[in-house]
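Chemist: Could you have a look at this structure, given as structure tokens, before my questions?
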Amino acid sequence: MKPSISQKPGPIGVFDSGYGGLTILSKIREVLPEYDYIYLGDNARTPYGTRSFDIVYEFTLQAVNKLFEMGCHLVILACNTASAKALRSIQINDLPGIDPNRRVLGVIRPTVECIGDITQSRHIGILATAGTIKSESYPLEIHKLYPDITVSGEACPMWVPLVENNEANSPGADYFIQKYIDNLLDKDPQIDTVILGCTHYPLLLPKIKHYMPQGIQVVAQGEYVAESLKDYLRRHPEMDEKCTRGGNCTFCTTEAEDKFIESASAFLNEEITVQRISLE
Ligand code: DGL
């Protein structure tokens, strides 16, 4: 166990490569407003979606260690790419050496659990970063629970940059929104449910819904992750006791504070203060 890690109760850590995890954080805070949170965005090194397994793992582990040092006992990887490429290694190989009583949870499993009740045709689509699609994490997790479901995926490498650069609602975004949706539905015309497998994508929801043919259900992850966390804390009172309650949220970024405040305003309806930190 690292001596620098405090055993006192602390906030729940929420990590993303950039701003996307704010869509998860806001749903979590709606469902669990009484807890304290630290949000950490690795904005200086985003996007993760096009990076190799090794790099995503290295960056994610740095972020998890930082959140532990800041007092968190429980960290949510509010990033599909990190959940797909780093979560299992951290849980199996790193946590036992860092502190076996701390926990890191991802966003893929909670999203996948709901899908069996939503699809009628048993054909679903995943829109996600290249890294998440390549990892095959969604088909693997879905088939563990629902072996009868056919899963098709389409990487959307332009969508995260559109969000990170505040271009989500610009006319230029339309071309890339339509393109990836069409590519996905060309792969399997029987798809009736599409998972937005990247936490940035809810910011593109108005345009995604516009280009998605009628009758296809679009699933954003926030509410499923929030309900799953609530259930986790109910089932794990020993962890619940280690999470402080004050309703506060601290925001940290690896980029400049003013840039974070400006861009995060698209995701949040509140005034925030931000602290710049270094992960390297
Ligand atoms: N928001 C992240 C996700 O859910 C990834 C964005 C990125 O850094 O590429 O996958």
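Each chain of the structure tokens is named A, B, ... in the order shown, its residues numbered from 1; ligands are numbered from 1 in display order.
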Residues near A:His200, anyone? I mean within 8 Å using only C-alpha atoms, not counting same-chain ones fewer than 5 positions away, as a VMD selection string.

Modeler: chain A and resid 19 to 21 23 159 to 160 163

Chemist: Between A:Lys27, A:Lys207, A:Lys66, A:Lys85, which residue has the minimum interatomic distance to ligand 1, considering only C-alpha atoms and all ligand atoms?

Modeler: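 Using only C-alpha atoms and all ligand atoms, the shortest distance to ligand 1 belongs to A:Lys85.
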
Chemist: Excluding same-chain residues fewer than 6 positions from A:Leu95, what lies within 12 Å of it counting only C-alpha atoms, as a PyMOL selection string?

Modeler: chain A and resi 1-2+61+64-65+68+73-75+87-89+101-105

Chemist: Give me, please, the distance in Å between atom CA of A:Ser170 and atom CA of A:Arg51, quoted to one decimal.

Modeler: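 About the pair atom CA of A:Ser170 and atom CA of A:Arg51: they are 26.3 Å apart.
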
Chemist: Which polymer residues have any atom within 10 Å of an atom of A:Gly215, counting only C-alpha atoms, with same-chain residues fewer than 3 positions away left out, as an mmCIF file with all heavy atoms, in the first residue's frame?

Modeler:
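Written out: part-v6.cif:
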```cif
data_model
loop_
_atom_site.group_PDB
_atom_site.id
_atom_site.type_symbol
_atom_site.label_atom_id
_atom_site.label_comp_id
_atom_site.auth_asym_id
_atom_site.auth_seq_id
_atom_site.Cartn_x
_atom_site.Cartn_y
_atom_site.Cartn_z
ATOM 1 N N ILE A 191 -30.728 -3.351 -37.298
ATOM 2 C CA ILE A 191 -30.456 -2.696 -36.006
ATOM 3 C C ILE A 191 -31.669 -1.875 -35.566
ATOM 4 O O ILE A 191 -32.192 -1.072 -36.342
ATOM 5 C CB ILE A 191 -29.208 -1.776 -36.138
ATOM 6 C CG1 ILE A 191 -27.938 -2.616 -36.234
ATOM 7 C CG2 ILE A 191 -29.120 -0.792 -34.970
ATOM 8 C CD1 ILE A 191 -26.686 -1.824 -36.591
ATOM 9 N N ASP A 192 -32.108 -2.092 -34.303
ATOM 10 C CA ASP A 192 -33.198 -1.254 -33.780
ATOM 11 C C ASP A 192 -32.766 -0.454 -32.554
ATOM 12 O O ASP A 192 -33.546 0.317 -32.007
ATOM 13 C CB ASP A 192 -34.446 -2.101 -33.461
ATOM 14 C CG ASP A 192 -34.276 -2.980 -32.234
ATOM 15 O OD1 ASP A 192 -33.138 -3.125 -31.734
ATOM 16 O OD2 ASP A 192 -35.294 -3.530 -31.762
ATOM 17 N N THR A 193 -31.511 -0.663 -32.103
ATOM 18 C CA THR A 193 -31.017 0.018 -30.901
ATOM 19 C C THR A 193 -29.553 0.386 -31.128
ATOM 20 O O THR A 193 -28.766 -0.472 -31.538
ATOM 21 C CB THR A 193 -31.111 -0.921 -29.670
ATOM 22 O OG1 THR A 193 -32.446 -1.418 -29.584
ATOM 23 C CG2 THR A 193 -30.735 -0.210 -28.391
ATOM 24 N N MET A 212 -30.791 9.762 -37.308
ATOM 25 C CA MET A 212 -31.103 8.355 -37.032
ATOM 26 C C MET A 212 -32.508 8.073 -37.567
ATOM 27 O O MET A 212 -33.451 8.800 -37.251
ATOM 28 C CB MET A 212 -31.075 8.129 -35.515
ATOM 29 C CG MET A 212 -31.006 6.700 -35.083
ATOM 30 S SD MET A 212 -29.475 5.864 -35.567
ATOM 31 C CE MET A 212 -28.278 6.530 -34.416
ATOM 32 N N VAL A 218 -31.964 5.300 -29.482
ATOM 33 C CA VAL A 218 -30.576 5.715 -29.180
ATOM 34 C C VAL A 218 -30.379 5.670 -27.665
ATOM 35 O O VAL A 218 -31.143 6.271 -26.916
ATOM 36 C CB VAL A 218 -30.311 7.146 -29.703
ATOM 37 C CG1 VAL A 218 -28.892 7.584 -29.350
ATOM 38 C CG2 VAL A 218 -30.528 7.208 -31.214
#
```

Chemist: From a DSSP pass on the backbone, collect the residues of stretch 61-177 of chain A flagged as strand (DSSP E) and hand them back as a VMD selection string.

Modeler: chain A and resid 74 to 77 103 to 105 123 to 128 150 to 155

Chemist: Emit the selected residues as a PDB file, in the first residue's frame, including N, CA and C atoms.

Modeler:
```
ATOM      1  N   LEU A  74     -13.047   5.315  -4.381  1.00  0.00           N
ATOM      2  CA  LEU A  74     -13.790   4.742  -5.507  1.00  0.00           C
ATOM      3  C   LEU A  74     -13.629   5.673  -6.705  1.00  0.00           C
ATOM      4  N   VAL A  75     -13.209   5.101  -7.835  1.00  0.00           N
ATOM      5  CA  VAL A  75     -13.021   5.906  -9.048  1.00  0.00           C
ATOM      6  C   VAL A  75     -13.859   5.304 -10.178  1.00  0.00           C
ATOM      7  N   ILE A  76     -14.605   6.154 -10.855  1.00  0.00           N
ATOM      8  CA  ILE A  76     -15.385   5.724 -12.019  1.00  0.00           C
ATOM      9  C   ILE A  76     -14.626   6.171 -13.268  1.00  0.00           C
ATOM     10  N   LEU A  77     -14.308   5.241 -14.141  1.00  0.00           N
ATOM     11  CA  LEU A  77     -13.727   5.613 -15.437  1.00  0.00           C
ATOM     12  C   LEU A  77     -14.900   6.000 -16.341  1.00  0.00           C
ATOM     13  N   ARG A 103     -11.444   0.802  -5.246  1.00  0.00           N
ATOM     14  CA  ARG A 103     -12.144   0.224  -6.398  1.00  0.00           C
ATOM     15  C   ARG A 103     -12.139   1.179  -7.580  1.00  0.00           C
ATOM     16  N   VAL A 104     -12.056   0.580  -8.772  1.00  0.00           N
ATOM     17  CA  VAL A 104     -12.186   1.334 -10.024  1.00  0.00           C
ATOM     18  C   VAL A 104     -13.272   0.643 -10.841  1.00  0.00           C
ATOM     19  N   LEU A 105     -14.271   1.409 -11.268  1.00  0.00           N
ATOM     20  CA  LEU A 105     -15.382   0.846 -12.038  1.00  0.00           C
ATOM     21  C   LEU A 105     -15.455   1.535 -13.397  1.00  0.00           C
ATOM     22  N   HIS A 123     -30.780  -7.006 -32.780  1.00  0.00           N
ATOM     23  CA  HIS A 123     -29.653  -6.496 -33.584  1.00  0.00           C
ATOM     24  C   HIS A 123     -29.331  -5.107 -33.036  1.00  0.00           C
ATOM     25  N   ILE A 124     -28.130  -4.936 -32.504  1.00  0.00           N
ATOM     26  CA  ILE A 124     -27.815  -3.608 -31.980  1.00  0.00           C
ATOM     27  C   ILE A 124     -26.527  -3.046 -32.605  1.00  0.00           C
ATOM     28  N   GLY A 125     -26.410  -1.735 -32.546  1.00  0.00           N
ATOM     29  CA  GLY A 125     -25.238  -1.056 -33.100  1.00  0.00           C
ATOM     30  C   GLY A 125     -24.504  -0.293 -32.004  1.00  0.00           C
ATOM     31  N   ILE A 126     -23.187  -0.175 -32.180  1.00  0.00           N
ATOM     32  CA  ILE A 126     -22.369   0.601 -31.243  1.00  0.00           C
ATOM     33  C   ILE A 126     -21.666   1.703 -32.026  1.00  0.00           C
ATOM     34  N   LEU A 127     -21.802   2.929 -31.585  1.00  0.00           N
ATOM     35  CA  LEU A 127     -21.014   4.039 -32.117  1.00  0.00           C
ATOM     36  C   LEU A 127     -20.023   4.419 -31.020  1.00  0.00           C
ATOM     37  N   ALA A 128     -18.730   4.403 -31.334  1.00  0.00           N
ATOM     38  CA  ALA A 128     -17.720   4.638 -30.289  1.00  0.00           C
ATOM     39  C   ALA A 128     -16.420   5.083 -30.933  1.00  0.00           C
ATOM     40  N   THR A 150     -27.023  -9.801 -32.069  1.00  0.00           N
ATOM     41  CA  THR A 150     -26.013  -9.495 -33.093  1.00  0.00           C
ATOM     42  C   THR A 150     -25.535  -8.057 -32.883  1.00  0.00           C
ATOM     43  N   VAL A 151     -24.213  -7.884 -32.822  1.00  0.00           N
ATOM     44  CA  VAL A 151     -23.649  -6.558 -32.520  1.00  0.00           C
ATOM     45  C   VAL A 151     -22.785  -6.072 -33.678  1.00  0.00           C
ATOM     46  N   SER A 152     -23.041  -4.856 -34.150  1.00  0.00           N
ATOM     47  CA  SER A 152     -22.179  -4.232 -35.163  1.00  0.00           C
ATOM     48  C   SER A 152     -21.646  -2.927 -34.601  1.00  0.00           C
ATOM     49  N   GLY A 153     -20.416  -2.588 -34.961  1.00  0.00           N
ATOM     50  CA  GLY A 153     -19.821  -1.359 -34.431  1.00  0.00           C
ATOM     51  C   GLY A 153     -19.274  -0.479 -35.533  1.00  0.00           C
ATOM     52  N   GLU A 154     -19.290   0.827 -35.277  1.00  0.00           N
ATOM     53  CA  GLU A 154     -18.705   1.779 -36.219  1.00  0.00           C
ATOM     54  C   GLU A 154     -17.883   2.799 -35.425  1.00  0.00           C
ATOM     55  N   ALA A 155     -16.614   2.948 -35.807  1.00  0.00           N
ATOM     56  CA  ALA A 155     -15.770   3.952 -35.158  1.00  0.00           C
ATOM     57  C   ALA A 155     -16.103   5.339 -35.701  1.00  0.00           C
TER      58      ALA A 155
END
```

Chemist: Pick out the closest residue to ligand 1 from this set: A:Asp36, A:Glu136, A:Glu58, A:Glu164. Count only C-alpha atoms and all ligand atoms.

Modeler: A:Glu164

Chemist: Provide the atom CA of A:Ile55 to atom CA of A:Cys156 distance in Å, to one decimal place.

Modeler: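 Result for atom CA of A:Ile55 versus atom CA of A:Cys156: 19.8 Å, one decimal.
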
Chemist: Got a sec to tell me which of stretch 225-279 of chain A DSSP assigns to helix (DSSP H, G or I), as a PyMOL selection string?

Modeler: chain A and resi 225-235+237-240+257-264
